[in-house]
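First the structure, in the form of structure tokens, and then the observations on it.
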Amino acid sequence: KILILDFGSQYTQLIGRRVRELNIYCEIHPFNHFPAIDETVKGVILSGSPSSVRDENAPIPDLSAIKGKMPLLGVCYGAQYLAHFFGGEVLPSDSREYGRAHLGYIDQENELFKHLTLNTQVWMSHGDTIERLPENYKVIASTGDVKNAAYKIGGEDTWAIQFHPEVYHTTEGTQLLKNFAVGICGCKQDWTPASFIETTVTQLKEKIGNDKVVLGLSGGVDSTVAGVLLNRAIGDKLTCIFVDNGLLRKNEFEAVLDSYKGMGLNVIGVNAKDRFYKDLAGVTDPEQKRKIIGRDFIEVFDVEAHKIQDVKWLGQGTIYPDVIESVSVNGPSATIKSHHNVGGLPEKMNLKVVEPLNLLFKDEVRRVGKALGIKDELLGRHPFPGPGLGIRILSDVTAEKVRILQEADYIFINGLKEWGLYDDVWQAGVMLLPVQSVGVMGDERTYENVVALRAVMSTDGMTADWVHLPYEFLAKMSNEIINKVRGINRVVYDISSKPPATIEWE
Ligand code: XMP
């Protein structure tokens with residue numbers, strides 16, 4: 001495997017994904033908190049950082065078990081670190097070096113640049129520049145503005161590059177990473193969905209033995225793939241629980257329950273709608289709603305799980321981005337993200353936790369799901385928030401409002417599918433606004449609700465752009481919703497990006 005030491009750059013996870021795309025396993029760890037280096041580690045990559053090597057508390061790793069002992073690649077901050085603290089000099093650059101650049105000089109003899117073309121485009125993003133290299137460091141690539149764009153340290157397997165090979169705009173970045181990981185480190189490209197499934201199933205069998213496991217399914221990609229994987233390993237020792245909180249999409253509960261049963265999963269569907277509606281009655285504060293929905297889910301799940309005798313494990317669909325320890329660049333300590341799919345469950349249930357996907361990125365979860373034979377229809381689903389329609393009904397939640405919103409949402413989502421737009425959109429939904437407006441229907445004056453349609457593009461939900469859906473499509477949706485859904489007489493389209501808006505309205 002390849003180890004990636006994180007210095008806090010926004011691109012660190014991307015390095016990991018690029019290495020994984022080469023079918024090579026890698027792990028990301030904080031620069032100051034990484035596991036012991038054993039023979040499974042074939043090479044190390046140092047990531048970029050928002051810090052400068054000239055900062056008083058610049059992140060400084062302990063590379064004593066690594067540098068000079070195995071292949072090492074410094075990227076951006078990593079490159080500046082290996083120059084500045086080993087006798088070279090890094091200075092603020094006159095102009096921030098940002099954006100596309102071209103490698104006008106490449107040492108094509110160098111293994112790192114095998115198959116790269118002269119003048120290849122690279123992506124720069126740094127405020128400092130490596131002014132002077134230590135002795136025994138050799139420049140192996142330059143751009144017009146940046147002489148020391150890449151170097152190799154003489155007598156050891158250490159390379160460094162100032163640009164970002166992981167970013168899309170570095171057109172031959174994947175080849176460069178392949179040169180490092182395969183050519184230099186000698187990694188085999190055998191980490192595939194099939195091999196992941198094989199080793200994971202074996203490990204799960206060993207770990208769980210004859211114990212029973214309970215898992216909450218949500219209809220989403222992660223919990224589904226986790227369920228099918230666990231089912232492969234332990235069969236009917238796995239019981240899945242799927243709770244209808246009354247805040248799902250129209251027909252969702254029945255449809256998803258059916259497809260789960262079709263996959264051979266042992267699923268208990270629990271209709272708990274009334275309980276959620278009762279507890280949400282009159283509550284308008286979004287955070288309060290989230291708390292109630294989360295708490296009710298845990299309680300309903302707990303009651304169901306207790307009906308299974310001797311259950312020992314709680315399965316969860318946690319994925320890698322949720323468990324990567326994040327680097328705190330302002331201090332030496334690393335903090336662990338507290339986010340979990342179903343926060344609070346493990347604490348409440350006193351079960352051991354098993355998370356078969358906690359080493360996978362989202363796109364890998366989909367690939368594994370495909371290799372497990374799960375239908376594209378399920379794997380390609382848009383993300384849907386845990387609190388569901390509860391946070392898409394602005395103001396208090398009632399069964400009647402849920403019904404209205406489900407109808408409008410059904411028309412919109414089906415419309416996206418029929419028009420071939422569903423897969424071009426990362427997430428879509430409808431918000432029921434606490435606004436009534438005047439309309440006319442025949443000779444009558446109406447006074448009914450407004451809904452807002454929302455469709456965004458994103459990669460991880462952290463930032464998002466509204467999608468420029470065709471006017472004809474929006475016109476059709478508006479007509480259909482107003483004509484078919486009693487209680488709605490006005491439709492608007494949300495054209496706000498995140499930031500500063502958020503994807504959900506609550
Ligand atoms: P925002 O609205 O913060 O949403 O831009 C970003 C992504 O997170 C989802 N989301 C949630 N998911 N529980 C969840 O499981 C929540 O309370 C929650 N709030 C927002 C949202 O749907 C989007 O994908």
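The chains in the structure tokens are called A, B, ... from first to last as shown; in each chain the residues are counted from 1, and the ligands are counted from 1 in the order shown.
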
Next item on the list: Can you check which residues of segment 123-315 of chain A DSSP gives as helix (DSSP H, G or I) on the backbone and send them as number ranges by chain?
Entry: A: 173-184, 193-208, 221-237, 252-262, 273-280, 286-306

Margin query: I'd like the contact shell of Ser458 of chain A - 12 Å cut-off, only C-alpha atoms, skipping same-chain residues fewer than 5 positions apart - returned as a PyMOL selection string.
Written below: chain A and resi 382-383+424-428+463-467+497-499+502-503

Next item on the list: Go through A:Tyr422, A:Tyr471, A:Phe301, A:Phe384 one by one, measure the shortest atom-to-atom distance of each to ligand 1 using only C-alpha atoms and all ligand atoms, and give the residue with the smallest value.
Entry: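 Looking only at the distances to ligand 1, the closest residue turns out to be A:Phe384.
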
Next item on the list: Check the smallest atom-to-atom distance from each of A:Leu416, A:Leu73, A:Ala475, A:Leu3 to His29 of chain A using only C-alpha atoms, then report the winner.
Entry: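 Closest residue, counting only C-alpha atoms: A:Leu3.
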
Item checked: 7 Å contact set for Pro30 of chain A, only C-alpha atoms, chain neighbours under 4 positions out, as a list of chain:residue names ->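 Contacts, in chain order: A:Leu5, A:Asp6, A:Phe7, A:Phe34, A:Glu325, A:Ser326, A:Val327.
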
Item checked: Long-range neighbours of segment 106-113 of chain A as an MDAnalysis selection string, 9 Å cut-off, only C-alpha atoms, 3 positions minimum in chain -> chainID A and resid 103 116:119 139:142 150 152 159 175:180 183:184

Those selected residues, please, written with C-alpha atoms and delivered as an mmCIF file, in the first residue's frame.
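Output file selection_34.cif is given in full below:
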```
data_model
loop_
_atom_site.group_PDB
_atom_site.id
_atom_site.type_symbol
_atom_site.label_atom_id
_atom_site.label_comp_id
_atom_site.auth_asym_id
_atom_site.auth_seq_id
_atom_site.Cartn_x
_atom_site.Cartn_y
_atom_site.Cartn_z
ATOM 1 C CA LEU A 103 6.379 21.945 -17.979
ATOM 2 C CA LEU A 116 4.878 12.340 -19.922
ATOM 3 C CA THR A 117 4.992 14.789 -22.801
ATOM 4 C CA LEU A 118 7.075 17.933 -22.921
ATOM 5 C CA ASN A 119 4.949 21.037 -22.192
ATOM 6 C CA VAL A 139 15.851 19.883 -10.809
ATOM 7 C CA ILE A 140 13.918 17.509 -13.046
ATOM 8 C CA ALA A 141 11.162 19.789 -14.351
ATOM 9 C CA SER A 142 10.488 23.525 -14.721
ATOM 10 C CA ALA A 150 10.143 19.152 -9.586
ATOM 11 C CA LYS A 152 14.917 14.445 -7.073
ATOM 12 C CA TRP A 159 11.085 13.002 -5.431
ATOM 13 C CA GLN A 175 0.387 8.796 -15.301
ATOM 14 C CA LEU A 176 2.794 10.545 -12.925
ATOM 15 C CA LEU A 177 1.169 8.930 -9.884
ATOM 16 C CA LYS A 178 1.287 5.604 -11.680
ATOM 17 C CA ASN A 179 4.997 6.099 -12.406
ATOM 18 C CA PHE A 180 5.553 6.676 -8.710
ATOM 19 C CA GLY A 183 7.172 2.058 -11.453
ATOM 20 C CA ILE A 184 9.074 3.336 -8.438
#
```

Next item on the list: Write out as a list in words which residues come within 8 Å of Ser52 of chain A when counting only C-alpha atoms, dropping same-chain ones fewer than 6 positions away.
Entry: Ala58, Tyr77 and Asp128 of chain A

Can I get the selection written as a PDB file, in the first residue's frame, with C-alpha atoms?
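The result, written out as again-v8.pdb:
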```pdb
ATOM      1  CA  ALA A  58       4.575  24.890  10.288  1.00  0.00           C
ATOM      2  CA  TYR A  77       3.854  21.744   0.693  1.00  0.00           C
ATOM      3  CA  ASP A 128       5.560  30.262  -1.631  1.00  0.00           C
TER       4      ASP A 128
END
```

Notebook entry, point to check: Taking only C-alpha atoms and all ligand atoms into account, which of A:Ser218, A:Asn483, A:Asn266, A:Asn32 comes nearest ligand 1?
Noted result: A:Ser218

Note to self: Could you list, as number ranges by chain, every residue within 7 Å of Gly8 of chain A, counting only C-alpha atoms and ignoring same-chain residues fewer than 4 positions away?
What the structure shows: A: 48-50, 327, 329

Pull N, CA and C atoms from the residues just selected and write them as a PDB file, in the first residue's frame.
```pdb
ATOM      1  N   GLY A  48      -0.175  18.460   0.160  1.00  0.00           N
ATOM      2  CA  GLY A  48      -0.078  19.901   0.286  1.00  0.00           C
ATOM      3  C   GLY A  48      -0.635  20.361   1.627  1.00  0.00           C
ATOM      4  N   SER A  49      -0.604  21.668   1.849  1.00  0.00           N
ATOM      5  CA  SER A  49      -1.073  22.209   3.121  1.00  0.00           C
ATOM      6  C   SER A  49      -1.465  23.661   2.951  1.00  0.00           C
ATOM      7  N   PRO A  50      -2.434  24.128   3.731  1.00  0.00           N
ATOM      8  CA  PRO A  50      -2.708  25.570   3.727  1.00  0.00           C
ATOM      9  C   PRO A  50      -1.616  26.348   4.450  1.00  0.00           C
ATOM     10  N   VAL A 327      -6.710  16.912   9.921  1.00  0.00           N
ATOM     11  CA  VAL A 327      -5.548  17.585  10.488  1.00  0.00           C
ATOM     12  C   VAL A 327      -5.961  18.955  10.974  1.00  0.00           C
ATOM     13  N   VAL A 329      -4.542  22.308  11.375  1.00  0.00           N
ATOM     14  CA  VAL A 329      -3.296  22.948  10.961  1.00  0.00           C
ATOM     15  C   VAL A 329      -2.821  24.007  11.944  1.00  0.00           C
TER      16      VAL A 329
END
```

Check: segment 202-435 of chain A: which residues are strand (DSSP E or B) by DSSP, as a PyMOL selection string?
Finding: chain A and resi 212-217+238-244+267-271+311-315+326+335+352-354+393+427-435

Item checked: Distance query segment 343-359 of chain A at most 9 Å, only C-alpha atoms, self and fewer than 6 positions along chain excluded, as a VMD selection string -> chain A and resid 27 200 to 201 204 207 to 208 213 222 225 to 226 229 to 230 294 to 295 298 to 299 301 to 302 305 311 to 323 365

Can you spit out the residues from that selection as a PDB file, in the first residue's frame, using C-alpha atoms?
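The resulting file, result04.pdb, is reproduced below:
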```pdb
ATOM      1  CA  GLU A  27      -4.425   5.170   3.376  1.00  0.00           C
ATOM      2  CA  THR A 200     -13.717  -8.144   3.199  1.00  0.00           C
ATOM      3  CA  VAL A 201     -16.047 -11.145   3.212  1.00  0.00           C
ATOM      4  CA  LEU A 204     -16.075 -10.254   8.233  1.00  0.00           C
ATOM      5  CA  LYS A 207     -14.452 -11.120  12.931  1.00  0.00           C
ATOM      6  CA  ILE A 208     -18.121 -11.928  13.432  1.00  0.00           C
ATOM      7  CA  VAL A 213     -25.630  -8.548  13.410  1.00  0.00           C
ATOM      8  CA  ASP A 222     -24.035   3.077   1.596  1.00  0.00           C
ATOM      9  CA  VAL A 225     -23.978  -2.007  -0.078  1.00  0.00           C
ATOM     10  CA  ALA A 226     -23.016  -2.602   3.568  1.00  0.00           C
ATOM     11  CA  LEU A 229     -21.691  -7.314   1.803  1.00  0.00           C
ATOM     12  CA  LEU A 230     -22.546  -8.460   5.327  1.00  0.00           C
ATOM     13  CA  GLY A 294     -32.907  11.240  15.089  1.00  0.00           C
ATOM     14  CA  ARG A 295     -34.061  10.331  18.584  1.00  0.00           C
ATOM     15  CA  ILE A 298     -32.858   5.382  17.531  1.00  0.00           C
ATOM     16  CA  GLU A 299     -35.693   4.420  19.829  1.00  0.00           C
ATOM     17  CA  PHE A 301     -34.564   0.816  15.940  1.00  0.00           C
ATOM     18  CA  ASP A 302     -33.583  -0.141  19.462  1.00  0.00           C
ATOM     19  CA  ALA A 305     -33.266  -4.809  17.526  1.00  0.00           C
ATOM     20  CA  VAL A 311     -27.512  -9.801  18.779  1.00  0.00           C
ATOM     21  CA  LYS A 312     -23.875  -8.757  19.305  1.00  0.00           C
ATOM     22  CA  TRP A 313     -23.017  -6.378  16.491  1.00  0.00           C
ATOM     23  CA  LEU A 314     -24.378  -3.209  14.957  1.00  0.00           C
ATOM     24  CA  GLY A 315     -23.536  -2.866  11.248  1.00  0.00           C
ATOM     25  CA  GLN A 316     -23.117   0.644   9.852  1.00  0.00           C
ATOM     26  CA  GLY A 317     -22.600   2.045   6.352  1.00  0.00           C
ATOM     27  CA  THR A 318     -19.910   4.526   7.434  1.00  0.00           C
ATOM     28  CA  ILE A 319     -17.548   5.399   4.558  1.00  0.00           C
ATOM     29  CA  TYR A 320     -13.898   6.515   4.456  1.00  0.00           C
ATOM     30  CA  PRO A 321     -14.371  10.311   4.275  1.00  0.00           C
ATOM     31  CA  ASP A 322     -16.300  10.062   7.585  1.00  0.00           C
ATOM     32  CA  VAL A 323     -13.445   8.354   9.405  1.00  0.00           C
ATOM     33  CA  VAL A 365     -18.845   2.021  -2.719  1.00  0.00           C
TER      34      VAL A 365
END
```

Next item on the list: Quote the spacing between atom 2 (O, counted along the ligand's line) of ligand 1 and atom CA of Val451 of chain A in Å to one decimal place.
Entry: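 Distance reported for this atom pair: 16.8 Å.
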
Next item on the list: Grab the atom CA of Lys375 of chain A to atom CA of Val228 of chain A distance for me, in Å with one decimal place.
Entry: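 Separation between atom CA of Lys375 of chain A and atom CA of Val228 of chain A: 11.9 Å.
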
Checklist line | Selected residue, from A:Val456, A:Met124, A:Ile481, A:Leu394, that lies nearest to ligand 1 when counting only C-alpha atoms and all ligand atoms | finding: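 Smallest separation from ligand 1 among the options: A:Val456.
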